[in-house]
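Report on the following structure.
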There are 2 protein chains.
Amino acid sequence: MKVDGKDLRPIFFDNEKNEVCVIDQRILPHKLVIEELKTVDDIIKAIKDMYVRGAPLIGATGAYGIYVAAKNYKEGDFKDYFLKECERVRLSRPTAVNLEWAVDRVLEKVKAADYKDVVALTLAEAKEITEEEAENCRKIGEYGVSLIEEISKKKRGETVNILTHCNAGWLACVDYGTATAPMYAAYDKGIDIHVWVDETRPLNQGARLTAWELGKHGIKHTVITDNAGGHIMQHGMVDIVITGTDRTTYTGDVANKIGTYLKALAAKDNDVPFYVALPSSTFDWKLRDGVKEIPIEDRDPNEIKYVTGFSEGKMHDVLITPEKSEAGNFAFDVTPARLVTGFITERGMCDANEDSVIKLFPDKGKL
Amino acid sequence: MKVDGKDLRPIFFDNEKNEVCVIDQRILPHKLVIEELKTVDDIIKAIKDMYVRGAPLIGATGAYGIYVAAKNYKEGDFKDYFLKECERVRLSRPTAVNLEWAVDRVLEKVKAADYKDVVALTLAEAKEITEEEAENCRKIGEYGVSLIEEISKKKRGETVNILTHCNAGWLACVDYGTATAPMYAAYDKGIDIHVWVDETRPLNQGARLTAWELGKHGIKHTVITDNAGGHIMQHGMVDIVITGTDRTTYTGDVANKIGTYLKALAAKDNDVPFYVALPSSTFDWKLRDGVKEIPIEDRDPNEIKYVTGFSEGKMHDVLITPEKSEAGNFAFDVTPARLVTGFITERGMCDANEDSVIKLFPDKGKL
C-alpha cells in the first residue's frame with residue numbers, strides 16, 4: 001500500500017541493488033527503517049528478532065532466505081552447504097507453520113535443478129510466493145468491500161465507521177492485509193470511511209502498526225484503548241467490526257489476538273456486524289470446538305509489566321506495575337462462532353458455521 | 001490497610017508533627033512518598049495535581065483544607081481571610097461533587113463558632129468526615145465478604161478468583177475501598193483469594209494502584225491486560241467480578257471506568273456473578289436511563305498516545321502511536337442494569353433494579 005504517496009511492502013526485492021529488503025517493524029511507527037538482508041544470518045535475525053511478523057510475511061521472508069542461501073554459495077559441496085543453510089532458515093522460528101511451508105515449497109522447485117539455475121529459480125519462487133500472498137489479500141479486499149459499500153449506501157454516503165483489533169494489515173501480509181484489505185479497497189474506491197483502531201495491549205500492534213499503515217495511506221482513523229469499543233458501539237459510533245485471525249476452526253470459532261472475544265460480545269449486544277477476514281490457509285480443518293481445543297500461548301509476563309514506547313529520540317521500556325506483582329500474558333482468545341456474523345476469504349464470503357464454510361471450500365471439507 | 005505490616009491511609013493527621021499528610025499517588029507504585037500539606041496552597045496542589053484522587057479522598061482532603069486555612073490565619077479580618085481561603089479549596093477541582101460537599105459541611109460546623117474554637121472544630125470535623133468514609137467502606141466489606149465466603153465454601157476452600165477493574169481501593173476511599181473492601185475482609189478472615197487486576201488503560205490505575213494496594217496487604221494478585229478478562233472467564237478462572245462505580249442510577253445502570261461494560265458482557269456470557277460496590281452517596285436518584293443520560297467525559301487524547309511508567313530511576317511518558325494519529329479518550333462507560341448481578345452498599349446488598357434499590361433506601365427513593 002502507499003506510504004507518503006509511494007508503494008511500499010514490508011518485504012521486496014530491490015532490482016537495482018539486487019538485494020532482499022524488509023521494513024524493521026520493531027521501531028515503527030516512530031522511524032521507517034529499511035534493512036537489506038544480504039546473508040542467511042541477516043534473514044534469520046530478521047525473522048527471530050521480529051523485524052518481520054505475521055504468518056504470510058514470515059513465510060515470504062523464509063522463501064527469500066533460500067534464494068539468499070543459494071546466492072551466497074562460495075565453495076565446497078553445494079548441496080551440502082545449501083541444505084544446511086535452508087535448515088537454519090526453516091528453524092529460525094519453530095512455531096511458524098508458514099515458514100516451514102514456504103521453505104519446503106522453494107526447495108521443491110529446485111530439487112532436480114542444476115546448480116547454475118538454483119539462484120534464479122529460488123528468486124522466482126520467492127517472488128511467486130510473495131505475489132500469491134498479496135493476491136489472496138487483494139481478493140479478500142475485493143469481496144469484503146461490498147459490506148462497506150452497502151453500509152455507505154444505507155447511510156447515504158455518510159462516514160462508515162469500522163472498528164478493528166490488532167494488526168491484520170499489510171505489514172503482516174505482504175500487501176493489503178486481511179482485516180484491512182476491505183478498508184483499503186473502500187478508501188481507494190472513494191468511500192468515506194473512518195477506522196477505530198484498538199491499541200491492542202500488551203504489544204500495541206494496533207496503536208503502533210495499524211494506525212501507522214492507515215495514516216500513511218491517508219485513511220482517517222482514531223486510536224482508542226481496548227476498553228473503549230463497548231462504549232462506542234453502544235452509542236452507534238461503529239457500523240461494522242472487521243478483525244483478522246490466527247486460526248479459525250471450520251465450525252466457525254475464531255482464535256485471534258486477546259480481546260477479540262470482548263469486542264464480539266459488544267458487537268452482538270449492539271447489533272453491530274462482526275466479520276473476520278482470512279485466507280483459506282488459516283482455517284483449521286480438524287478442530288471442532290475452538291474454545292476447548294485451540295491452545296492459547298502464555299507469553300512473557302514482562303510484556304504486561306513493561307510498555308515499549310518512544311521518548312527523547314529512542315525506544316524505552318517503562319515499568320507500569322509494582323516490580324514484584326505477578327502478571328498474566330494470555331496472547332489469544334477464542335470467539336465462539338455464534339458471535340461471528342461472517343467470514344471474508346479470497347474465495348468469497350460465508351457464514352460462520354460448518355455448512356457455510358464447507359460449501360465455500362468443498363475440497364477442504366473432505367479432509 | 002496494611003503497607004509492609006503497618007496501617008496506612010492515603011490521608012491522615014500526624015499527631016506528633018501536627019500536620020495533614022497524604023500519599024503522593026502520582027509516583028505509586030514505584031515510590032511511596034508522604035507529603036505534609038502545611039498550607040492551603042499545598043492542599044490545592046495535592047487536589048489539583050492529583051496527589052490524591054477518588055471522590056471520598058478528594059472530599060476528605062478538602063475538609064482538612066479548611067482546618068489548614070484556619071490554622072494558618074495570621075492577621076487582618078479572620079472571617080474575610082477564612083472564607084476566601086475556603087473558596088479557593090472548594091474550587092480546586094470544580095467537577096468533584098464530594099469536595100464541595102465536604103468543604104460546606106466543615107464550614108457549617110463553625111458558622112456560629114468563636115475564632116478561638118475554629119481550628120479545633122474544623123480539625124475534628126475533617127477527622128469525622130474521614131472516619132465516616134472509612135466506616136462506609138468497612139461496612140461494604142462486611143456485607144460483601146459473604147459473597148466470597150459462599151463461593152469459598154462451594155469450592156471447599158479452593159482459591160476464590162476475583163476480577164476487578166480500575167482502582168476502587170483504599171487509595172481512592174480513605175480506607176478499605178469499595179470494590180476491594182470485600183477482598184480485604186475475606187483475606188483478613190483467612191479465606192484463600194486471588195485477584196485478577198485489569199491494568200485499566202489509559203491511566204493504568206489497576207496496574208499501578210490496585211496491584212500495589214493488594215500486594216502491600218499481602219493479597220495474591222495477577223495483573224492482566226484489559227483484553228484478557230473474557231478469555232479467563234471463558235475458562236472458569238474467575239468466580240466473581242467486583243468493581244466500583246462513579247455514578248449509578250437508582251434503576252441500576254452503572255457508570256464506571258471505561259471497559260467495565262465489556263467485563264460485564266463477558267461475565268453474563270459465562271455465568272460469572274458481576275457485583276458493583278458503592279456507598280449510597282454514589283446513587284443518582286434522578287436519572288432513569290444511564291446509557292442515554294449519564295454524560296461521559298472526553299479526556300486529553302495524549303493520555304492514550306503516551307504511557308507513563310518508570311525507567312532508569314524516574315517517570316517517563318513514552319509515545320506508543322504515530323505522532324500524528326488521532327486518539328479518542330472516552331473515560332467512562334455505562335453498564336446496563338440487566339448485566340449487573342447486584343449492589344454491595346454500606347446498608348447491605350440489593351439487586352440492580354429500581355424496586356430493590358428503593359427497598360434498601362426508602363428514604364432516598366422518595367426524591
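Labels for the C-alpha cells follow display order: chains A, B, ..., residues from 1 in each chain, ligands from 1.
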Within 7 Å of chain B: each chain A residue with its shortest pair, only C-alpha atoms, as JSON lines:
```
{"residue": "A:Pro29", "atom": "CA", "partner": "B:Pro322", "partner_atom": "CA", "distance": 5.3}
{"residue": "A:His30", "atom": "CA", "partner": "B:Pro322", "partner_atom": "CA", "distance": 6.5}
{"residue": "A:Arg201", "atom": "CA", "partner": "B:Thr225", "partner_atom": "CA", "distance": 6.3}
{"residue": "A:Pro202", "atom": "CA", "partner": "B:Thr225", "partner_atom": "CA", "distance": 6.6}
{"residue": "A:Ala207", "atom": "CA", "partner": "B:Thr321", "partner_atom": "CA", "distance": 4.9}
{"residue": "A:Arg208", "atom": "CA", "partner": "B:Thr321", "partner_atom": "CA", "distance": 5.0}
{"residue": "A:Ala211", "atom": "CA", "partner": "B:Ser325", "partner_atom": "CA", "distance": 6.7}
{"residue": "A:Trp212", "atom": "CA", "partner": "B:Pro322", "partner_atom": "CA", "distance": 5.9}
{"residue": "A:Gly215", "atom": "CA", "partner": "B:Ser325", "partner_atom": "CA", "distance": 7.0}
{"residue": "A:His221", "atom": "CA", "partner": "B:Glu326", "partner_atom": "CA", "distance": 6.6}
{"residue": "A:Thr222", "atom": "CA", "partner": "B:Glu326", "partner_atom": "CA", "distance": 4.8}
{"residue": "A:Val223", "atom": "CA", "partner": "B:Ala327", "partner_atom": "CA", "distance": 4.5}
{"residue": "A:Ile224", "atom": "CA", "partner": "B:Gly328", "partner_atom": "CA", "distance": 5.3}
{"residue": "A:Thr225", "atom": "CA", "partner": "B:Arg201", "partner_atom": "CA", "distance": 6.3}
{"residue": "A:Asp226", "atom": "CA", "partner": "B:Asn227", "partner_atom": "CA", "distance": 6.5}
{"residue": "A:Asn227", "atom": "CA", "partner": "B:Gly259", "partner_atom": "CA", "distance": 3.9}
{"residue": "A:Ala228", "atom": "CA", "partner": "B:Gly259", "partner_atom": "CA", "distance": 6.0}
{"residue": "A:Gly230", "atom": "CA", "partner": "B:Leu262", "partner_atom": "CA", "distance": 5.9}
{"residue": "A:His231", "atom": "CA", "partner": "B:Asp333", "partner_atom": "CA", "distance": 5.5}
{"residue": "A:Ile258", "atom": "CA", "partner": "B:Asn227", "partner_atom": "CA", "distance": 5.6}
{"residue": "A:Gly259", "atom": "CA", "partner": "B:Asn227", "partner_atom": "CA", "distance": 4.0}
{"residue": "A:Tyr261", "atom": "CA", "partner": "B:Gly230", "partner_atom": "CA", "distance": 6.5}
{"residue": "A:Leu262", "atom": "CA", "partner": "B:Gly230", "partner_atom": "CA", "distance": 5.9}
{"residue": "A:Leu265", "atom": "CA", "partner": "B:Leu265", "partner_atom": "CA", "distance": 6.5}
{"residue": "A:Ala266", "atom": "CA", "partner": "B:Leu262", "partner_atom": "CA", "distance": 6.7}
{"residue": "A:Ile304", "atom": "CA", "partner": "B:Thr225", "partner_atom": "CA", "distance": 6.9}
{"residue": "A:Gly309", "atom": "CA", "partner": "B:Val318", "partner_atom": "CA", "distance": 4.6}
{"residue": "A:Phe310", "atom": "CA", "partner": "B:Leu319", "partner_atom": "CA", "distance": 4.9}
{"residue": "A:Ser311", "atom": "CA", "partner": "B:Val318", "partner_atom": "CA", "distance": 5.1}
{"residue": "A:Asp317", "atom": "CA", "partner": "B:Ser311", "partner_atom": "CA", "distance": 7.0}
{"residue": "A:Val318", "atom": "CA", "partner": "B:Gly309", "partner_atom": "CA", "distance": 4.6}
{"residue": "A:Leu319", "atom": "CA", "partner": "B:Phe310", "partner_atom": "CA", "distance": 4.9}
{"residue": "A:Ile320", "atom": "CA", "partner": "B:Gly309", "partner_atom": "CA", "distance": 4.9}
{"residue": "A:Thr321", "atom": "CA", "partner": "B:Ala207", "partner_atom": "CA", "distance": 4.9}
{"residue": "A:Pro322", "atom": "CA", "partner": "B:Pro29", "partner_atom": "CA", "distance": 5.3}
{"residue": "A:Ser325", "atom": "CA", "partner": "B:Thr222", "partner_atom": "CA", "distance": 6.7}
{"residue": "A:Glu326", "atom": "CA", "partner": "B:Thr222", "partner_atom": "CA", "distance": 4.8}
{"residue": "A:Ala327", "atom": "CA", "partner": "B:Val223", "partner_atom": "CA", "distance": 4.5}
{"residue": "A:Gly328", "atom": "CA", "partner": "B:Ile224", "partner_atom": "CA", "distance": 5.3}
{"residue": "A:Asn329", "atom": "CA", "partner": "B:Ile224", "partner_atom": "CA", "distance": 6.6}
{"residue": "A:Phe330", "atom": "CA", "partner": "B:Ala228", "partner_atom": "CA", "distance": 6.7}
{"residue": "A:Asp333", "atom": "CA", "partner": "B:His231", "partner_atom": "CA", "distance": 5.5}
```
Output the selection as a short mmCIF file (atom, residue, chain, number, x, y, z; two decimals), in the first residue's frame - N, CA and C atoms for each residue.
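Dumped everything to out-v3.cif:
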```cif
data_model
loop_
_atom_site.label_atom_id
_atom_site.label_comp_id
_atom_site.auth_asym_id
_atom_site.auth_seq_id
_atom_site.Cartn_x
_atom_site.Cartn_y
_atom_site.Cartn_z
N PRO A 29 5.90 2.91 14.98
CA PRO A 29 5.70 3.91 13.92
C PRO A 29 6.68 5.08 14.01
N HIS A 30 7.69 4.94 14.85
CA HIS A 30 8.50 6.12 15.16
C HIS A 30 9.53 6.42 14.09
N ARG A 201 -3.25 -3.94 23.62
CA ARG A 201 -2.27 -4.35 24.62
C ARG A 201 -2.21 -5.87 24.65
N PRO A 202 -1.04 -6.50 24.97
CA PRO A 202 0.13 -5.81 25.51
C PRO A 202 1.09 -5.21 24.47
N ALA A 207 -2.06 0.33 17.94
CA ALA A 207 -1.57 1.71 18.11
C ALA A 207 -0.31 1.96 17.29
N ARG A 208 0.55 0.94 17.20
CA ARG A 208 1.84 1.14 16.54
C ARG A 208 1.73 0.94 15.03
N ALA A 211 -2.38 1.87 13.02
CA ALA A 211 -2.54 3.33 12.92
C ALA A 211 -1.53 3.91 11.93
N TRP A 212 -0.32 3.39 11.93
CA TRP A 212 0.72 3.88 11.01
C TRP A 212 0.35 3.57 9.56
N GLY A 215 -2.72 5.64 8.46
CA GLY A 215 -2.34 7.05 8.33
C GLY A 215 -1.49 7.29 7.09
N HIS A 221 -8.46 7.78 10.94
CA HIS A 221 -8.54 6.76 11.98
C HIS A 221 -8.36 7.41 13.34
N THR A 222 -8.80 6.69 14.38
CA THR A 222 -8.66 7.17 15.76
C THR A 222 -8.22 6.00 16.62
N VAL A 223 -7.11 6.17 17.30
CA VAL A 223 -6.65 5.12 18.22
C VAL A 223 -7.45 5.23 19.51
N ILE A 224 -7.93 4.07 20.00
CA ILE A 224 -8.66 4.03 21.26
C ILE A 224 -8.07 2.93 22.14
N THR A 225 -8.33 2.99 23.43
CA THR A 225 -7.91 1.89 24.30
C THR A 225 -8.77 0.67 23.98
N ASP A 226 -8.29 -0.49 24.36
CA ASP A 226 -9.06 -1.71 24.16
C ASP A 226 -10.35 -1.69 24.99
N ASN A 227 -10.39 -0.81 25.98
CA ASN A 227 -11.57 -0.69 26.84
C ASN A 227 -12.74 0.04 26.19
N ALA A 228 -12.48 0.80 25.11
CA ALA A 228 -13.46 1.77 24.63
C ALA A 228 -14.50 1.19 23.66
N GLY A 230 -16.76 -1.14 23.56
CA GLY A 230 -18.14 -1.36 24.00
C GLY A 230 -18.91 -0.04 24.05
N HIS A 231 -18.32 0.94 24.64
CA HIS A 231 -18.97 2.25 24.77
C HIS A 231 -19.33 2.85 23.40
N ILE A 258 -5.77 -11.57 21.87
CA ILE A 258 -6.54 -11.43 23.11
C ILE A 258 -7.38 -10.14 23.08
N GLY A 259 -8.64 -10.28 23.47
CA GLY A 259 -9.53 -9.12 23.49
C GLY A 259 -10.55 -9.12 22.36
N TYR A 261 -12.64 -11.47 21.57
CA TYR A 261 -13.90 -12.02 22.11
C TYR A 261 -14.75 -10.93 22.78
N LEU A 262 -14.10 -10.03 23.54
CA LEU A 262 -14.84 -8.96 24.20
C LEU A 262 -15.50 -8.03 23.18
N LEU A 265 -18.56 -9.78 21.73
CA LEU A 265 -19.69 -9.71 22.67
C LEU A 265 -20.39 -8.35 22.56
N ALA A 266 -19.59 -7.30 22.51
CA ALA A 266 -20.17 -5.95 22.44
C ALA A 266 -20.89 -5.75 21.10
N ILE A 304 3.52 -7.51 29.84
CA ILE A 304 2.44 -6.81 30.54
C ILE A 304 3.02 -5.73 31.45
N GLY A 309 7.82 2.28 24.25
CA GLY A 309 7.43 3.48 23.51
C GLY A 309 8.63 4.35 23.24
N PHE A 310 8.37 5.48 22.66
CA PHE A 310 9.41 6.37 22.15
C PHE A 310 9.48 7.61 23.02
N SER A 311 10.67 7.98 23.41
CA SER A 311 10.84 9.18 24.23
C SER A 311 12.27 9.67 24.05
N ASP A 317 11.58 0.95 27.53
CA ASP A 317 10.62 0.06 28.18
C ASP A 317 10.33 0.66 29.55
N VAL A 318 9.09 1.05 29.79
CA VAL A 318 8.77 1.62 31.10
C VAL A 318 7.91 0.66 31.91
N LEU A 319 8.23 0.56 33.20
CA LEU A 319 7.50 -0.33 34.12
C LEU A 319 6.19 0.34 34.53
N ILE A 320 5.06 -0.40 34.42
CA ILE A 320 3.78 0.21 34.81
C ILE A 320 3.12 -0.47 36.00
N THR A 321 3.70 -1.55 36.50
CA THR A 321 3.14 -2.27 37.65
C THR A 321 4.15 -2.23 38.80
N PRO A 322 3.71 -2.64 40.01
CA PRO A 322 4.72 -2.84 41.06
C PRO A 322 5.73 -3.88 40.56
N SER A 325 4.74 -7.50 41.41
CA SER A 325 3.44 -8.08 41.08
C SER A 325 3.58 -9.15 40.00
N GLU A 326 2.75 -10.19 40.12
CA GLU A 326 2.66 -11.19 39.06
C GLU A 326 1.89 -10.57 37.89
N ALA A 327 2.15 -11.06 36.68
CA ALA A 327 1.36 -10.63 35.52
C ALA A 327 1.05 -11.85 34.67
N GLY A 328 -0.13 -11.86 34.08
CA GLY A 328 -0.56 -12.97 33.22
C GLY A 328 -0.66 -12.48 31.79
N ASN A 329 -0.04 -13.22 30.86
CA ASN A 329 0.01 -12.75 29.48
C ASN A 329 -0.59 -13.81 28.53
N PHE A 330 -1.92 -13.87 28.50
CA PHE A 330 -2.63 -14.75 27.58
C PHE A 330 -2.64 -14.05 26.23
N ASP A 333 -7.43 -15.17 22.32
CA ASP A 333 -8.65 -15.74 22.87
C ASP A 333 -9.46 -16.32 21.71
#
```
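Running DSSP on the backbone gives strand (DSSP E or B) for these residues within region 63-217 of chain B: Val160, Asn161, Ile162, Leu163, Thr164, Ile193, His194, Val195, Trp196, Val197 and Asp198 of chain B.
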Preceding selection exported with N, CA, C and O atoms as a PDB file, in the first residue's frame:
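Printed below is part.pdb as written:
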```pdb
ATOM      1  N   VAL B 160     -10.552 -18.600  45.752  1.00  0.00           N
ATOM      2  CA  VAL B 160     -11.619 -17.857  45.083  1.00  0.00           C
ATOM      3  C   VAL B 160     -10.966 -16.800  44.188  1.00  0.00           C
ATOM      4  O   VAL B 160     -10.170 -15.982  44.660  1.00  0.00           O
ATOM      5  N   ASN B 161     -11.284 -16.835  42.895  1.00  0.00           N
ATOM      6  CA  ASN B 161     -10.702 -15.889  41.939  1.00  0.00           C
ATOM      7  C   ASN B 161     -11.660 -14.738  41.675  1.00  0.00           C
ATOM      8  O   ASN B 161     -12.780 -14.942  41.212  1.00  0.00           O
ATOM      9  N   ILE B 162     -11.177 -13.536  41.970  1.00  0.00           N
ATOM     10  CA  ILE B 162     -11.993 -12.328  41.843  1.00  0.00           C
ATOM     11  C   ILE B 162     -11.371 -11.454  40.760  1.00  0.00           C
ATOM     12  O   ILE B 162     -10.149 -11.320  40.704  1.00  0.00           O
ATOM     13  N   LEU B 163     -12.199 -10.872  39.902  1.00  0.00           N
ATOM     14  CA  LEU B 163     -11.653  -9.921  38.923  1.00  0.00           C
ATOM     15  C   LEU B 163     -12.137  -8.525  39.262  1.00  0.00           C
ATOM     16  O   LEU B 163     -13.296  -8.318  39.627  1.00  0.00           O
ATOM     17  N   THR B 164     -11.229  -7.539  39.171  1.00  0.00           N
ATOM     18  CA  THR B 164     -11.646  -6.153  39.364  1.00  0.00           C
ATOM     19  C   THR B 164     -11.041  -5.264  38.302  1.00  0.00           C
ATOM     20  O   THR B 164     -10.040  -5.608  37.666  1.00  0.00           O
ATOM     21  N   ILE B 193      -7.961 -16.164  48.679  1.00  0.00           N
ATOM     22  CA  ILE B 193      -8.417 -15.445  47.476  1.00  0.00           C
ATOM     23  C   ILE B 193      -7.245 -15.070  46.574  1.00  0.00           C
ATOM     24  O   ILE B 193      -6.092 -14.991  47.013  1.00  0.00           O
ATOM     25  N   HIS B 194      -7.572 -14.851  45.307  1.00  0.00           N
ATOM     26  CA  HIS B 194      -6.610 -14.361  44.319  1.00  0.00           C
ATOM     27  C   HIS B 194      -7.360 -13.369  43.432  1.00  0.00           C
ATOM     28  O   HIS B 194      -8.481 -13.625  43.018  1.00  0.00           O
ATOM     29  N   VAL B 195      -6.735 -12.225  43.157  1.00  0.00           N
ATOM     30  CA  VAL B 195      -7.418 -11.168  42.408  1.00  0.00           C
ATOM     31  C   VAL B 195      -6.763 -10.955  41.036  1.00  0.00           C
ATOM     32  O   VAL B 195      -5.549 -10.780  40.938  1.00  0.00           O
ATOM     33  N   TRP B 196      -7.591 -11.017  39.979  1.00  0.00           N
ATOM     34  CA  TRP B 196      -7.153 -10.616  38.639  1.00  0.00           C
ATOM     35  C   TRP B 196      -7.332  -9.110  38.542  1.00  0.00           C
ATOM     36  O   TRP B 196      -8.453  -8.609  38.688  1.00  0.00           O
ATOM     37  N   VAL B 197      -6.249  -8.395  38.308  1.00  0.00           N
ATOM     38  CA  VAL B 197      -6.293  -6.934  38.285  1.00  0.00           C
ATOM     39  C   VAL B 197      -6.196  -6.439  36.835  1.00  0.00           C
ATOM     40  O   VAL B 197      -5.140  -6.550  36.217  1.00  0.00           O
ATOM     41  N   ASP B 198      -7.287  -5.908  36.290  1.00  0.00           N
ATOM     42  CA  ASP B 198      -7.236  -5.279  34.957  1.00  0.00           C
ATOM     43  C   ASP B 198      -6.296  -4.082  35.016  1.00  0.00           C
ATOM     44  O   ASP B 198      -6.434  -3.223  35.898  1.00  0.00           O
TER      45      ASP B 198
END
```
Test item: residues at most 8 Å from Ile47 (chain A), only C-alpha atoms, excluding those fewer than 2 positions along its chain, as a PDB file with C-alpha atoms, in the first residue's frame:
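Saved as result-v2.pdb:
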```pdb
ATOM      1  CA  ILE A  43      17.422 -13.399   7.178  1.00  0.00           C
ATOM      2  CA  ILE A  44      17.433 -15.381  10.417  1.00  0.00           C
ATOM      3  CA  LYS A  45      17.943 -12.252  12.513  1.00  0.00           C
ATOM      4  CA  ASP A  49      14.172 -10.654  16.263  1.00  0.00           C
ATOM      5  CA  MET A  50      10.803  -9.760  14.703  1.00  0.00           C
ATOM      6  CA  TYR A  51      11.861  -7.192  12.140  1.00  0.00           C
ATOM      7  CA  VAL A  52       9.141  -9.117  10.269  1.00  0.00           C
ATOM      8  CA  ARG A  53       5.984 -10.599  11.829  1.00  0.00           C
ATOM      9  CA  ILE A  58       7.416 -14.722   7.849  1.00  0.00           C
ATOM     10  CA  THR A  61      10.977 -13.907   4.286  1.00  0.00           C
ATOM     11  CA  SER A  92      14.572 -19.733  12.864  1.00  0.00           C
ATOM     12  CA  ARG A  93      11.041 -19.634  14.370  1.00  0.00           C
TER      13      ARG A  93
END
```
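With CA of Glu128 (chain A) on one side and CA of Lys71 (chain A) on the other, the separation reads 17.7 Å.
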- Task: Any chance you could list, as a PyMOL selection string, the residues in region 82-214 of chain A that come up helix (DSSP H, G or I) when DSSP is run on the backbone?
- Result: chain A and resi 82-90+97-110+115-154+170-173+181-188+205-214
